[in-house]
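Listing of entry_14.csv; format and content: CSV, C-alpha atoms.
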```csv
chain,number,residue,atom,x,y,z
A,1,MET,CA,-1.6,26.2,-26.7
A,2,LEU,CA,-1.9,22.6,-27.9
A,3,GLU,CA,-5.1,20.7,-27.0
A,4,ALA,CA,-4.6,17.8,-24.6
A,5,THR,CA,-6.2,15.4,-27.1
A,6,GLU,CA,-3.4,16.0,-29.6
A,7,PRO,CA,-0.5,13.6,-29.4
A,8,ALA,CA,2.6,15.4,-28.1
A,9,SER,CA,6.1,14.5,-27.0
A,10,TRP,CA,9.3,16.3,-26.1
A,11,ARG,CA,12.8,14.9,-26.2
A,12,ILE,CA,15.8,16.7,-24.8
A,13,GLU,CA,19.4,15.9,-23.8
A,14,LEU,CA,20.4,17.0,-20.3
A,15,PRO,CA,23.9,17.4,-19.0
A,16,HIS,CA,25.3,14.5,-17.0
A,17,THR,CA,25.5,16.7,-13.8
A,18,THR,CA,23.3,17.4,-10.8
A,19,ALA,CA,22.2,20.5,-12.7
A,20,ALA,CA,20.1,18.2,-14.9
A,21,VAL,CA,17.6,17.6,-12.0
A,22,PRO,CA,16.1,21.1,-11.7
A,23,ILE,CA,16.2,21.5,-15.5
A,24,ALA,CA,14.3,18.3,-16.0
A,25,ARG,CA,11.7,19.3,-13.3
A,26,ALA,CA,11.1,22.6,-15.1
A,27,LEU,CA,10.9,21.0,-18.5
A,28,VAL,CA,8.3,18.5,-17.4
A,29,ARG,CA,6.3,21.2,-15.6
A,30,ASP,CA,6.4,23.5,-18.7
A,31,ALA,CA,5.6,20.6,-21.1
A,32,LEU,CA,2.5,19.5,-19.2
A,33,THR,CA,1.4,23.0,-18.6
A,34,GLU,CA,1.8,24.0,-22.3
A,35,VAL,CA,-0.7,21.4,-23.3
A,36,ASP,CA,-2.8,21.6,-20.2
A,37,ALA,CA,-2.2,17.9,-19.7
A,38,PRO,CA,-4.5,16.2,-17.3
A,39,ALA,CA,-1.7,14.4,-15.4
A,40,ASP,CA,-0.6,15.6,-11.9
A,41,ARG,CA,2.2,18.0,-12.6
A,42,ASP,CA,3.6,18.0,-9.1
A,43,THR,CA,3.9,14.2,-9.1
A,44,ALA,CA,5.4,14.2,-12.6
A,45,GLU,CA,8.1,16.7,-11.4
A,46,LEU,CA,8.9,14.7,-8.3
A,47,LEU,CA,9.2,11.4,-10.1
A,48,THR,CA,11.2,12.9,-13.0
A,49,ALA,CA,13.6,14.4,-10.5
A,50,GLU,CA,14.1,11.0,-9.0
A,51,LEU,CA,14.8,9.3,-12.3
A,52,VAL,CA,17.2,12.0,-13.4
A,53,ALA,CA,19.0,12.0,-10.1
A,54,ASN,CA,19.4,8.2,-10.3
A,55,ALA,CA,20.8,8.5,-13.8
A,56,VAL,CA,23.3,11.1,-12.7
A,57,GLU,CA,24.4,9.2,-9.6
A,58,HIS,CA,24.5,5.6,-10.9
A,59,THR,CA,26.0,6.1,-14.4
A,60,ASP,CA,29.4,7.3,-15.4
A,61,GLY,CA,29.7,10.8,-16.8
A,62,GLU,CA,30.1,9.8,-20.4
A,63,GLY,CA,27.3,11.0,-22.7
A,64,PRO,CA,24.2,13.0,-21.9
A,65,ILE,CA,21.0,11.9,-20.2
A,66,GLU,CA,17.9,12.1,-22.3
A,67,LEU,CA,14.5,13.1,-21.1
A,68,VAL,CA,11.4,12.1,-23.0
A,69,VAL,CA,7.9,13.3,-22.1
A,70,GLU,CA,5.0,11.9,-23.9
A,71,LEU,CA,1.4,12.9,-23.6
A,72,LEU,CA,-0.9,9.9,-23.7
A,73,PRO,CA,-4.7,9.8,-24.1
A,74,GLY,CA,-5.0,8.7,-20.5
A,75,GLY,CA,-2.2,10.8,-18.9
A,76,CYS,CA,1.5,11.0,-19.6
A,77,GLN,CA,4.7,9.0,-19.7
A,78,VAL,CA,8.2,10.2,-18.8
A,79,GLU,CA,11.4,8.3,-19.7
A,80,VAL,CA,15.0,9.0,-18.7
A,81,HIS,CA,17.6,7.4,-21.0
A,82,ASP,CA,21.2,6.8,-19.9
A,83,ARG,CA,24.1,4.9,-21.3
A,84,ARG,CA,24.3,2.2,-18.6
A,85,PRO,CA,22.6,-1.0,-19.6
A,86,ALA,CA,22.3,-2.4,-16.0
A,87,ARG,CA,18.9,-2.7,-14.4
A,88,PRO,CA,17.8,0.3,-12.3
A,89,GLY,CA,17.3,-1.5,-9.0
A,90,GLU,CA,13.9,-2.7,-8.0
A,91,LEU,CA,11.0,-1.2,-9.9
A,92,THR,CA,8.5,-3.9,-9.0
A,93,CYS,CA,6.5,-3.9,-5.8
A,94,PRO,CA,8.6,-5.1,-2.9
A,95,GLU,CA,7.7,-8.1,-0.8
A,96,PRO,CA,5.6,-7.3,2.3
A,97,GLY,CA,7.7,-5.8,5.0
A,98,GLU,CA,10.5,-4.7,2.6
A,99,ALA,CA,9.8,-1.0,2.7
A,100,PRO,CA,12.8,1.3,2.5
A,101,ASP,CA,14.6,2.0,5.8
A,102,PRO,CA,13.5,5.5,6.8
A,103,TRP,CA,16.9,6.2,8.3
A,104,GLN,CA,18.9,5.5,5.2
A,105,GLU,CA,19.9,8.5,3.0
A,106,HIS,CA,19.2,6.5,-0.2
A,107,GLY,CA,16.7,4.0,-1.4
A,108,ARG,CA,13.4,5.8,-1.5
A,109,GLY,CA,13.4,7.2,-5.0
A,110,LEU,CA,12.4,4.0,-6.8
A,111,PHE,CA,9.9,3.3,-3.9
A,112,LEU,CA,8.3,6.7,-4.7
A,113,ILE,CA,8.2,5.9,-8.4
A,114,ARG,CA,6.5,2.5,-7.7
A,115,THR,CA,4.1,4.0,-5.3
A,116,LEU,CA,3.0,7.2,-7.0
A,117,SER,CA,3.0,6.1,-10.7
A,118,SER,CA,0.3,4.1,-12.4
A,119,ASP,CA,3.0,2.0,-14.0
A,120,CYS,CA,6.8,2.0,-14.3
A,121,GLY,CA,9.6,0.0,-15.7
A,122,HIS,CA,12.8,-0.1,-17.7
A,123,ARG,CA,13.8,-1.3,-21.2
A,124,PRO,CA,17.0,-1.7,-23.0
A,125,THR,CA,17.9,0.8,-25.7
A,126,ALA,CA,20.6,0.8,-28.4
A,127,ASP,CA,22.8,3.0,-26.2
A,128,GLY,CA,21.9,1.8,-22.7
A,129,LYS,CA,18.5,1.8,-21.0
A,130,ALA,CA,15.3,3.8,-20.5
A,131,VAL,CA,13.6,4.0,-17.1
A,132,TRP,CA,10.0,5.2,-17.3
A,133,PHE,CA,6.8,5.9,-15.4
A,134,THR,CA,3.3,6.7,-16.4
A,135,LEU,CA,0.8,8.9,-14.6
A,136,PRO,CA,-3.0,8.7,-15.2
A,137,ALA,CA,-5.1,11.6,-16.2
A,138,MET,CA,-6.5,13.5,-13.2
A,139,PRO,CA,-10.0,15.0,-13.1
A,140,SER,CA,-10.0,18.7,-14.0
A,141,GLN,CA,-8.9,20.7,-11.0
A,142,ARG,CA,-9.7,24.2,-10.1
A,143,ARG,CA,-6.8,26.6,-10.3
A,144,PRO,CA,-6.2,28.9,-7.4
A,145,GLY,CA,-8.3,32.0,-7.8
A,146,GLN,CA,-10.9,30.3,-10.0
A,147,PRO,CA,-14.5,29.8,-8.6
A,148,ARG,CA,-15.5,26.4,-7.6
A,149,PRO,CA,-18.0,24.6,-9.9
A,150,GLY,CA,-21.5,26.0,-9.2
A,151,ARG,CA,-20.2,29.2,-7.7
A,152,SER,CA,-20.0,32.5,-9.7
A,153,HIS,CA,-17.7,34.2,-7.3
A,154,PRO,CA,-14.8,33.0,-5.0
A,155,GLY,CA,-16.1,32.9,-1.5
A,156,GLN,CA,-19.8,33.0,-2.4
A,157,SER,CA,-21.6,30.2,-0.7
A,158,HIS,CA,-24.4,29.7,-3.2
A,159,PRO,CA,-24.8,30.0,-6.9
A,160,GLY,CA,-26.3,33.1,-8.4
A,161,PRO,CA,-25.3,36.6,-9.3
A,162,PRO,CA,-23.0,38.5,-6.9
A,163,ARG,CA,-24.8,40.8,-4.5
A,164,PRO,CA,-24.3,44.5,-4.8
A,165,VAL,CA,-21.6,46.0,-2.6
A,166,SER,CA,-22.3,49.1,-0.6
A,167,GLY,CA,-20.5,51.0,2.0
A,168,ARG,CA,-23.0,49.9,4.7
A,169,PRO,CA,-23.5,46.4,6.2
A,170,GLU,CA,-26.7,44.6,5.1
A,171,ARG,CA,-29.5,44.4,7.6
```

Please express the file's structure as structure tokens.
Amino acid sequence: MLEATEPASWRIELPHTTAAVPIARALVRDALTEVDAPADRDTAELLTAELVANAVEHTDGEGPIELVVELLPGGCQVEVHDRRPARPGELTCPEPGEAPDPWQEHGRGLFLIRTLSSDCGHRPTADGKAVWFTLPAMPSQRRPGQPRPGRSHPGQSHPGPPRPVSGRPER
């Protein structure tokens, strides 16, 4: 396993189909897990899915979509490259009262990206554009089944060695 302090990045071409969305989610999850990255993997998966879905829906089918995941000292950055140079809608904060209409089928993806990422944007590339977001490092989190800090056994209410188990209840 790579250490989270080592610079790491992954770049992969995805098909220009809706099949790219679950592939991208899995790749981001696996990449961040492989290096035990301190970024929130669930949020990274969700926002990556939004970027890839937008690239599939709003660009023509020529050429692949490229996914780039980069581990940063303070979290991670995910980019999705496509061949359409046009801006990707509104990635800046909307004016007050301009929240997406909850009854519309579309329009919440970029809102989620703006809201859940620490930073986001887009930039032109030689072949089109890259849309990106960054996530900050999260404090270390306990994995399911691991004891909480200060506890030596899951379910034990105080620190210390586990008590012996016998077939009779304690008095």

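Protein, DNA and RNA residues at most 10 Å from (24.2, 14.4, -10.6), with only C-alpha atoms, are these: Pro15, His16, Thr17, Thr18, Ala19, Ala20, Val21, Val52, Ala53, Asn54, Ala55, Val56, Glu57, His58, Thr59 and Gly61 of chain A.
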
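For the set A:Arg87, A:Thr125, A:Asp40, A:Leu112, the residue with the smallest atom-to-atom gap to Gly74 (chain A) is A:Asp40, counting only C-alpha atoms.
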
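The space between CA of Thr43 (chain A) and CA of Pro64 (chain A) spans 24.0 Å.
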
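Here the question is which of A:Val28, A:Leu110, A:Leu72, A:Ala86 gets nearest to Asp42 (chain A) using all atoms listed in the file, and that residue is A:Val28.
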
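CA of Pro139 (chain A) to CA of Ile23 (chain A) spans 27.1 Å [interatomic distance, one decimal].
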
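Of the listed residues (A:Ala39, A:Leu27, A:Ala8, A:Leu135), A:Leu135 comes nearest to Arg114 (chain A); the distances count all atoms listed in the file.
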
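Take the candidates A:Arg123, A:Lys129, A:Arg108, A:His81 and check each one against Leu14 (chain A) using only C-alpha atoms; the shortest distance goes to A:His81.
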
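Between CA of Ala37 (chain A) and CA of Val78 (chain A) lies a distance of 13.0 Å.
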